[in-house]
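The data block below is final-v7.pdb; it holds PDB, C-alpha atoms.
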```pdb
ATOM      1  CA  MET A   1    -199.135   6.563 -73.133  1.00  0.00           C
ATOM      2  CA  LYS A   2    -199.861   9.870 -71.325  1.00  0.00           C
ATOM      3  CA  LEU A   3    -196.749   9.488 -69.197  1.00  0.00           C
ATOM      4  CA  THR A   4    -194.613   8.955 -72.300  1.00  0.00           C
ATOM      5  CA  VAL A   5    -196.000  12.118 -73.950  1.00  0.00           C
ATOM      6  CA  PHE A   6    -195.433  14.122 -70.745  1.00  0.00           C
ATOM      7  CA  ALA A   7    -191.852  12.840 -70.431  1.00  0.00           C
ATOM      8  CA  ALA A   8    -191.141  13.706 -74.076  1.00  0.00           C
ATOM      9  CA  ALA A   9    -192.573  17.205 -73.639  1.00  0.00           C
ATOM     10  CA  LEU A  10    -190.546  17.721 -70.463  1.00  0.00           C
ATOM     11  CA  ALA A  11    -187.367  16.548 -72.190  1.00  0.00           C
ATOM     12  CA  ALA A  12    -187.992  18.860 -75.162  1.00  0.00           C
ATOM     13  CA  THR A  13    -188.679  21.821 -72.878  1.00  0.00           C
ATOM     14  CA  THR A  14    -185.548  21.111 -70.843  1.00  0.00           C
ATOM     15  CA  ALA A  15    -183.413  20.802 -73.985  1.00  0.00           C
ATOM     16  CA  PHE A  16    -184.905  24.029 -75.401  1.00  0.00           C
ATOM     17  CA  ALA A  17    -184.339  25.916 -72.136  1.00  0.00           C
ATOM     18  CA  ALA A  18    -180.755  24.670 -71.955  1.00  0.00           C
ATOM     19  CA  GLN A  19    -180.089  26.233 -75.358  1.00  0.00           C
ATOM     20  CA  MET A  20    -181.637  29.595 -74.438  1.00  0.00           C
ATOM     21  CA  ASN A  21    -179.506  32.494 -73.281  1.00  0.00           C
ATOM     22  CA  VAL A  22    -181.493  34.045 -70.431  1.00  0.00           C
ATOM     23  CA  GLY A  23    -180.799  37.087 -68.271  1.00  0.00           C
ATOM     24  CA  ILE A  24    -182.522  38.966 -65.471  1.00  0.00           C
ATOM     25  CA  VAL A  25    -182.593  42.678 -64.619  1.00  0.00           C
ATOM     26  CA  ASP A  26    -183.565  44.757 -61.622  1.00  0.00           C
ATOM     27  CA  ALA A  27    -186.038  47.123 -63.315  1.00  0.00           C
ATOM     28  CA  GLN A  28    -186.394  49.344 -60.249  1.00  0.00           C
ATOM     29  CA  LEU A  29    -182.658  49.986 -60.223  1.00  0.00           C
ATOM     30  CA  LEU A  30    -182.746  50.782 -63.930  1.00  0.00           C
ATOM     31  CA  VAL A  31    -185.687  53.171 -63.540  1.00  0.00           C
ATOM     32  CA  ARG A  32    -184.087  54.965 -60.591  1.00  0.00           C
ATOM     33  CA  ASN A  33    -180.917  55.475 -62.595  1.00  0.00           C
ATOM     34  CA  HIS A  34    -182.554  56.527 -65.845  1.00  0.00           C
ATOM     35  CA  SER A  35    -181.423  59.965 -67.024  1.00  0.00           C
ATOM     36  CA  SER A  36    -184.927  61.449 -66.618  1.00  0.00           C
ATOM     37  CA  TYR A  37    -185.677  59.956 -63.192  1.00  0.00           C
ATOM     38  CA  GLN A  38    -184.764  63.030 -61.113  1.00  0.00           C
ATOM     39  CA  ASN A  39    -186.521  65.460 -63.474  1.00  0.00           C
ATOM     40  CA  ASN A  40    -189.611  63.257 -63.459  1.00  0.00           C
ATOM     41  CA  SER A  41    -189.564  63.044 -59.653  1.00  0.00           C
ATOM     42  CA  ASP A  42    -189.194  66.815 -59.359  1.00  0.00           C
ATOM     43  CA  LEU A  43    -192.005  67.398 -61.856  1.00  0.00           C
ATOM     44  CA  LEU A  44    -194.323  65.102 -59.903  1.00  0.00           C
ATOM     45  CA  LYS A  45    -193.453  66.741 -56.564  1.00  0.00           C
ATOM     46  CA  ASN A  46    -193.912  70.263 -57.945  1.00  0.00           C
ATOM     47  CA  THR A  47    -197.181  69.340 -59.650  1.00  0.00           C
ATOM     48  CA  GLN A  48    -198.452  67.803 -56.411  1.00  0.00           C
ATOM     49  CA  LYS A  49    -197.483  70.968 -54.467  1.00  0.00           C
ATOM     50  CA  ASP A  50    -199.260  73.136 -57.058  1.00  0.00           C
ATOM     51  CA  TYR A  51    -202.380  70.978 -56.829  1.00  0.00           C
ATOM     52  CA  GLN A  52    -202.245  71.107 -53.024  1.00  0.00           C
ATOM     53  CA  LYS A  53    -202.075  74.921 -53.118  1.00  0.00           C
ATOM     54  CA  ARG A  54    -205.154  75.009 -55.357  1.00  0.00           C
ATOM     55  CA  ILE A  55    -207.099  72.793 -52.972  1.00  0.00           C
ATOM     56  CA  GLU A  56    -205.977  74.825 -49.945  1.00  0.00           C
ATOM     57  CA  ALA A  57    -207.114  78.054 -51.661  1.00  0.00           C
ATOM     58  CA  MET A  58    -210.505  76.512 -52.343  1.00  0.00           C
ATOM     59  CA  GLY A  59    -210.603  75.316 -48.721  1.00  0.00           C
ATOM     60  CA  LYS A  60    -210.054  78.887 -47.524  1.00  0.00           C
ATOM     61  CA  GLU A  61    -213.082  79.991 -49.546  1.00  0.00           C
ATOM     62  CA  VAL A  62    -215.130  77.273 -47.838  1.00  0.00           C
ATOM     63  CA  GLU A  63    -213.853  78.404 -44.435  1.00  0.00           C
ATOM     64  CA  ALA A  64    -214.748  82.027 -45.248  1.00  0.00           C
ATOM     65  CA  THR A  65    -218.283  80.971 -46.164  1.00  0.00           C
ATOM     66  CA  GLN A  66    -218.496  78.927 -42.957  1.00  0.00           C
ATOM     67  CA  GLU A  67    -217.367  81.953 -40.939  1.00  0.00           C
ATOM     68  CA  GLU A  68    -219.963  84.103 -42.700  1.00  0.00           C
ATOM     69  CA  MET A  69    -222.638  81.518 -41.805  1.00  0.00           C
ATOM     70  CA  LYS A  70    -221.529  81.647 -38.166  1.00  0.00           C
ATOM     71  CA  LYS A  71    -221.833  85.451 -38.086  1.00  0.00           C
ATOM     72  CA  MET A  72    -225.301  85.284 -39.663  1.00  0.00           C
ATOM     73  CA  GLY A  73    -226.310  82.734 -37.059  1.00  0.00           C
ATOM     74  CA  GLU A  74    -225.167  85.090 -34.299  1.00  0.00           C
ATOM     75  CA  ALA A  75    -227.029  87.969 -35.942  1.00  0.00           C
ATOM     76  CA  TYR A  76    -230.151  85.821 -36.191  1.00  0.00           C
ATOM     77  CA  ALA A  77    -229.964  85.042 -32.476  1.00  0.00           C
ATOM     78  CA  ASN A  78    -230.086  88.755 -31.624  1.00  0.00           C
ATOM     79  CA  PRO A  79    -233.379  89.356 -29.769  1.00  0.00           C
ATOM     80  CA  MET A  80    -233.522  92.915 -31.099  1.00  0.00           C
ATOM     81  CA  ASN A  81    -234.273  91.699 -34.659  1.00  0.00           C
ATOM     82  CA  SER A  82    -237.701  92.286 -36.058  1.00  0.00           C
ATOM     83  CA  ALA A  83    -239.670  89.434 -37.610  1.00  0.00           C
ATOM     84  CA  GLN A  84    -238.942  90.899 -41.034  1.00  0.00           C
ATOM     85  CA  ALA A  85    -235.182  91.040 -40.315  1.00  0.00           C
ATOM     86  CA  LYS A  86    -235.216  87.439 -39.049  1.00  0.00           C
ATOM     87  CA  ALA A  87    -237.054  86.286 -42.177  1.00  0.00           C
ATOM     88  CA  LYS A  88    -234.450  87.986 -44.386  1.00  0.00           C
ATOM     89  CA  LEU A  89    -231.606  86.449 -42.328  1.00  0.00           C
ATOM     90  CA  GLU A  90    -233.216  82.996 -42.641  1.00  0.00           C
ATOM     91  CA  LYS A  91    -233.386  83.398 -46.411  1.00  0.00           C
ATOM     92  CA  ASP A  92    -229.775  84.641 -46.561  1.00  0.00           C
ATOM     93  CA  MET A  93    -228.592  81.817 -44.292  1.00  0.00           C
ATOM     94  CA  LEU A  94    -230.307  79.203 -46.489  1.00  0.00           C
ATOM     95  CA  SER A  95    -228.685  80.694 -49.588  1.00  0.00           C
ATOM     96  CA  LEU A  96    -225.301  80.760 -47.859  1.00  0.00           C
ATOM     97  CA  GLN A  97    -225.738  77.170 -46.685  1.00  0.00           C
ATOM     98  CA  ASN A  98    -226.397  76.067 -50.282  1.00  0.00           C
ATOM     99  CA  LYS A  99    -223.287  77.968 -51.395  1.00  0.00           C
ATOM    100  CA  TYR A 100    -221.286  76.238 -48.643  1.00  0.00           C
ATOM    101  CA  ILE A 101    -222.471  72.770 -49.737  1.00  0.00           C
ATOM    102  CA  GLN A 102    -221.649  73.546 -53.381  1.00  0.00           C
ATOM    103  CA  GLN A 103    -218.183  74.765 -52.410  1.00  0.00           C
ATOM    104  CA  GLN A 104    -217.512  71.571 -50.450  1.00  0.00           C
ATOM    105  CA  GLN A 105    -218.627  69.440 -53.386  1.00  0.00           C
ATOM    106  CA  LYS A 106    -216.450  71.478 -55.744  1.00  0.00           C
ATOM    107  CA  VAL A 107    -213.408  70.996 -53.485  1.00  0.00           C
ATOM    108  CA  ARG A 108    -213.958  67.225 -53.334  1.00  0.00           C
ATOM    109  CA  SER A 109    -214.523  67.014 -57.079  1.00  0.00           C
ATOM    110  CA  GLU A 110    -211.476  69.139 -57.882  1.00  0.00           C
ATOM    111  CA  ASN A 111    -209.331  67.154 -55.465  1.00  0.00           C
ATOM    112  CA  MET A 112    -210.347  63.898 -57.141  1.00  0.00           C
ATOM    113  CA  ARG A 113    -209.730  65.369 -60.611  1.00  0.00           C
ATOM    114  CA  LEU A 114    -206.280  66.661 -59.648  1.00  0.00           C
ATOM    115  CA  GLN A 115    -205.329  63.342 -58.041  1.00  0.00           C
ATOM    116  CA  GLN A 116    -206.348  61.559 -61.248  1.00  0.00           C
ATOM    117  CA  GLU A 117    -204.292  64.029 -63.307  1.00  0.00           C
ATOM    118  CA  LEU A 118    -201.298  63.387 -61.069  1.00  0.00           C
ATOM    119  CA  MET A 119    -201.662  59.611 -61.429  1.00  0.00           C
ATOM    120  CA  ASP A 120    -201.996  59.986 -65.211  1.00  0.00           C
ATOM    121  CA  LEU A 121    -198.869  62.155 -65.364  1.00  0.00           C
ATOM    122  CA  GLU A 122    -196.939  59.623 -63.293  1.00  0.00           C
ATOM    123  CA  ALA A 123    -198.118  56.784 -65.549  1.00  0.00           C
ATOM    124  CA  ARG A 124    -197.108  58.677 -68.716  1.00  0.00           C
ATOM    125  CA  LEU A 125    -193.674  59.480 -67.313  1.00  0.00           C
ATOM    126  CA  LEU A 126    -193.114  55.885 -66.201  1.00  0.00           C
ATOM    127  CA  LYS A 127    -194.248  54.543 -69.577  1.00  0.00           C
ATOM    128  CA  THR A 128    -191.758  56.808 -71.356  1.00  0.00           C
ATOM    129  CA  VAL A 129    -188.943  55.563 -69.120  1.00  0.00           C
ATOM    130  CA  ALA A 130    -190.064  51.927 -69.452  1.00  0.00           C
ATOM    131  CA  ASP A 131    -190.188  52.210 -73.249  1.00  0.00           C
ATOM    132  CA  ASP A 132    -186.674  53.638 -73.285  1.00  0.00           C
ATOM    133  CA  LEU A 133    -185.413  50.888 -70.969  1.00  0.00           C
ATOM    134  CA  LYS A 134    -187.009  48.242 -73.188  1.00  0.00           C
ATOM    135  CA  LYS A 135    -185.161  49.659 -76.195  1.00  0.00           C
ATOM    136  CA  ILE A 136    -181.852  49.721 -74.328  1.00  0.00           C
ATOM    137  CA  THR A 137    -182.419  46.165 -73.066  1.00  0.00           C
ATOM    138  CA  ALA A 138    -183.448  44.904 -76.525  1.00  0.00           C
ATOM    139  CA  LYS A 139    -180.338  46.464 -78.060  1.00  0.00           C
ATOM    140  CA  TYR A 140    -178.174  44.847 -75.369  1.00  0.00           C
ATOM    141  CA  ALA A 141    -179.932  41.492 -75.834  1.00  0.00           C
ATOM    142  CA  ALA A 142    -179.434  41.560 -79.623  1.00  0.00           C
ATOM    143  CA  LYS A 143    -175.784  42.532 -79.276  1.00  0.00           C
ATOM    144  CA  ASN A 144    -175.097  39.762 -76.731  1.00  0.00           C
ATOM    145  CA  ASP A 145    -177.308  36.996 -78.192  1.00  0.00           C
ATOM    146  CA  TYR A 146    -179.864  36.860 -75.377  1.00  0.00           C
ATOM    147  CA  ASP A 147    -183.111  35.044 -76.088  1.00  0.00           C
ATOM    148  CA  LEU A 148    -184.888  36.328 -73.003  1.00  0.00           C
ATOM    149  CA  ILE A 149    -184.299  38.993 -70.351  1.00  0.00           C
ATOM    150  CA  VAL A 150    -186.790  38.950 -67.481  1.00  0.00           C
ATOM    151  CA  GLU A 151    -187.426  41.391 -64.650  1.00  0.00           C
ATOM    152  CA  SER A 152    -185.904  39.857 -61.510  1.00  0.00           C
ATOM    153  CA  SER A 153    -189.002  40.329 -59.329  1.00  0.00           C
ATOM    154  CA  ALA A 154    -190.930  38.044 -61.716  1.00  0.00           C
ATOM    155  CA  VAL A 155    -188.634  35.130 -60.886  1.00  0.00           C
ATOM    156  CA  PHE A 156    -188.578  33.128 -57.658  1.00  0.00           C
ATOM    157  CA  TYR A 157    -184.946  32.237 -58.089  1.00  0.00           C
ATOM    158  CA  ALA A 158    -182.196  33.087 -60.530  1.00  0.00           C
ATOM    159  CA  SER A 159    -178.476  32.664 -60.282  1.00  0.00           C
ATOM    160  CA  LYS A 160    -176.519  35.900 -59.885  1.00  0.00           C
ATOM    161  CA  SER A 161    -174.512  34.815 -62.907  1.00  0.00           C
ATOM    162  CA  ILE A 162    -177.424  35.615 -65.240  1.00  0.00           C
ATOM    163  CA  ASP A 163    -178.085  39.096 -63.760  1.00  0.00           C
ATOM    164  CA  VAL A 164    -177.338  41.615 -66.536  1.00  0.00           C
ATOM    165  CA  THR A 165    -178.459  44.715 -64.621  1.00  0.00           C
ATOM    166  CA  ASP A 166    -174.932  46.084 -64.336  1.00  0.00           C
ATOM    167  CA  ASP A 167    -174.343  45.612 -68.059  1.00  0.00           C
ATOM    168  CA  ILE A 168    -177.529  47.479 -68.908  1.00  0.00           C
ATOM    169  CA  LEU A 169    -176.631  50.243 -66.460  1.00  0.00           C
ATOM    170  CA  LYS A 170    -173.357  50.590 -68.366  1.00  0.00           C
ATOM    171  CA  GLU A 171    -175.336  50.758 -71.634  1.00  0.00           C
ATOM    172  CA  MET A 172    -177.260  53.640 -70.035  1.00  0.00           C
ATOM    173  CA  GLY A 173    -173.983  55.391 -69.188  1.00  0.00           C
ATOM    174  CA  VAL A 174    -174.342  54.752 -65.452  1.00  0.00           C
ATOM    175  CA  ASP A 175    -171.632  53.394 -63.155  1.00  0.00           C
ATOM    176  CA  PRO A 176    -173.175  50.254 -61.580  1.00  0.00           C
ATOM    177  CA  ALA A 177    -171.201  50.645 -58.341  1.00  0.00           C
ATOM    178  CA  LYS A 178    -172.486  54.200 -57.851  1.00  0.00           C
ATOM    179  CA  ALA A 179    -176.030  53.158 -58.765  1.00  0.00           C
ATOM    180  CA  ARG A 180    -176.000  50.330 -56.228  1.00  0.00           C
ATOM    181  CA  SER A 181    -174.423  52.454 -53.478  1.00  0.00           C
ATOM    182  CA  ARG A 182    -177.071  55.145 -54.050  1.00  0.00           C
ATOM    183  CA  GLU A 183    -179.726  52.425 -53.811  1.00  0.00           C
ATOM    184  CA  ASP A 184    -178.223  51.179 -50.527  1.00  0.00           C
ATOM    185  CA  ASP A 185    -178.145  54.737 -49.129  1.00  0.00           C
ATOM    186  CA  GLU A 186    -181.812  55.309 -50.008  1.00  0.00           C
ATOM    187  CA  SER A 187    -182.915  52.059 -48.370  1.00  0.00           C
ATOM    188  CA  LYS A 188    -181.406  53.044 -44.995  1.00  0.00           C
TER
END
```
Output the file's structure as structure tokens, nothing else.
Amino acid sequence: MKLTVFAAALAATTAFAAQMNVGIVDAQLLVRNHSSYQNNSDLLKNTQKDYQKRIEAMGKEVEATQEEMKKMGEAYANPMNSAQAKAKLEKDMLSLQNKYIQQQQKVRSENMRLQQELMDLEARLLKTVADDLKKITAKYAAKNDYDLIVESSAVFYASKSIDVTDDILKEMGVDPAKARSREDDESK
């Protein structure tokens, strides 16, 4: 009985799949050829450089404090200092050490915050591109009677005959030959 039900389900699934019009796309190729790809890449690079400059500036403040601590340590080691002068230097050195620790913590915290901002920006930009590509793909699928278009990396095997990447590139206004040659150049 169970074997009969399984065979019937398999036959129905096979018949249903045979009637479906299925395509695959190379999403990475589509993303890299989207009209906003270069602007998005430039924005991310420039934002990362800006963030790096901020962290480097904060790092210079930490280094300046460290240098000041070193000079105080040298002054403290001077045998000509009175007990009162040494006590004041100890107090100043402790205060400076606390400042140094706070600066280091601030740099780490700011670095983590900026990295998170950069990841969030990248995610927002990618989502905008992905949403646009979904619309383009849905429009193409409706126009050409496709039931399903799947990203090619999600499939273990698919015949080249069902790859619609070039057609969707054309829908985007991109020459597929140029897009693929650019992709080949970048992979070298």
What would the list of residues within 8 Å of (-185.2, 42.7, -73.2) (file frame) look like as number ranges by chain, if all atoms listed in the file are what count? A: 134-141, 148-150
Find the residues near segment 54-71 of chain A: any atom within 12 Å, counting all atoms listed in the file, skip ones fewer than 6 places away on the same chain, and give them as number ranges by chain. A: 47-48, 77-78, 89-115
Run the PyMOL selection byres ((chain A and resi 31-39) around 8) against the file shown and list the residues it catches, as number ranges by chain. A: 27-30, 40-43, 129-130, 133, 169, 172, 174, 179
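Put simply, atom CA of Ile24 of chain A is 11.3 Å away from atom CA of Asp147 of chain A.
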Reference answer for the PyMOL selection byres ((chain A and resi 155-163) around 12), as a list in words: Met20, Asn21, Val22, Gly23, Ile24, Val25, Asp26, Ala27, Tyr146, Leu148, Ile149, Val150, Glu151, Ser152, Ser153, Ala154, Val164, Thr165, Asp166, Asp167, Ile168 and Leu169 of chain A
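Computed from the coordinates, the atom CA of Arg124 of chain A to atom CA of Ser181 of chain A distance equals 28.0 Å.
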Taking every listed atom of segment 139-153 of chain A and adding 4 Å to each side, what centre and edge lengths in Å (one decimal) does the axis-aligned box have, as lines of an AutoDock Vina configuration file?
```
center_x = -182.0
center_y = 40.8
center_z = -69.5
size_x = 21.9
size_y = 19.4
size_z = 28.3
```
Report, in Å with one decimal, the straight-line distance from atom CA of Glu122 of chain A to atom CA of Glu183 of chain A. 20.9 Å
Using only C-alpha atoms, the best pick from A:Lys178, A:Asn81, A:Glu171, A:Lys88 as closest to Asp132 of chain A would be A:Glu171
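Counting only C-alpha atoms, the residue from A:Leu118, A:Ala85, A:Ala75, A:Leu125 that sits nearest to Asn46 of chain A is A:Leu118.
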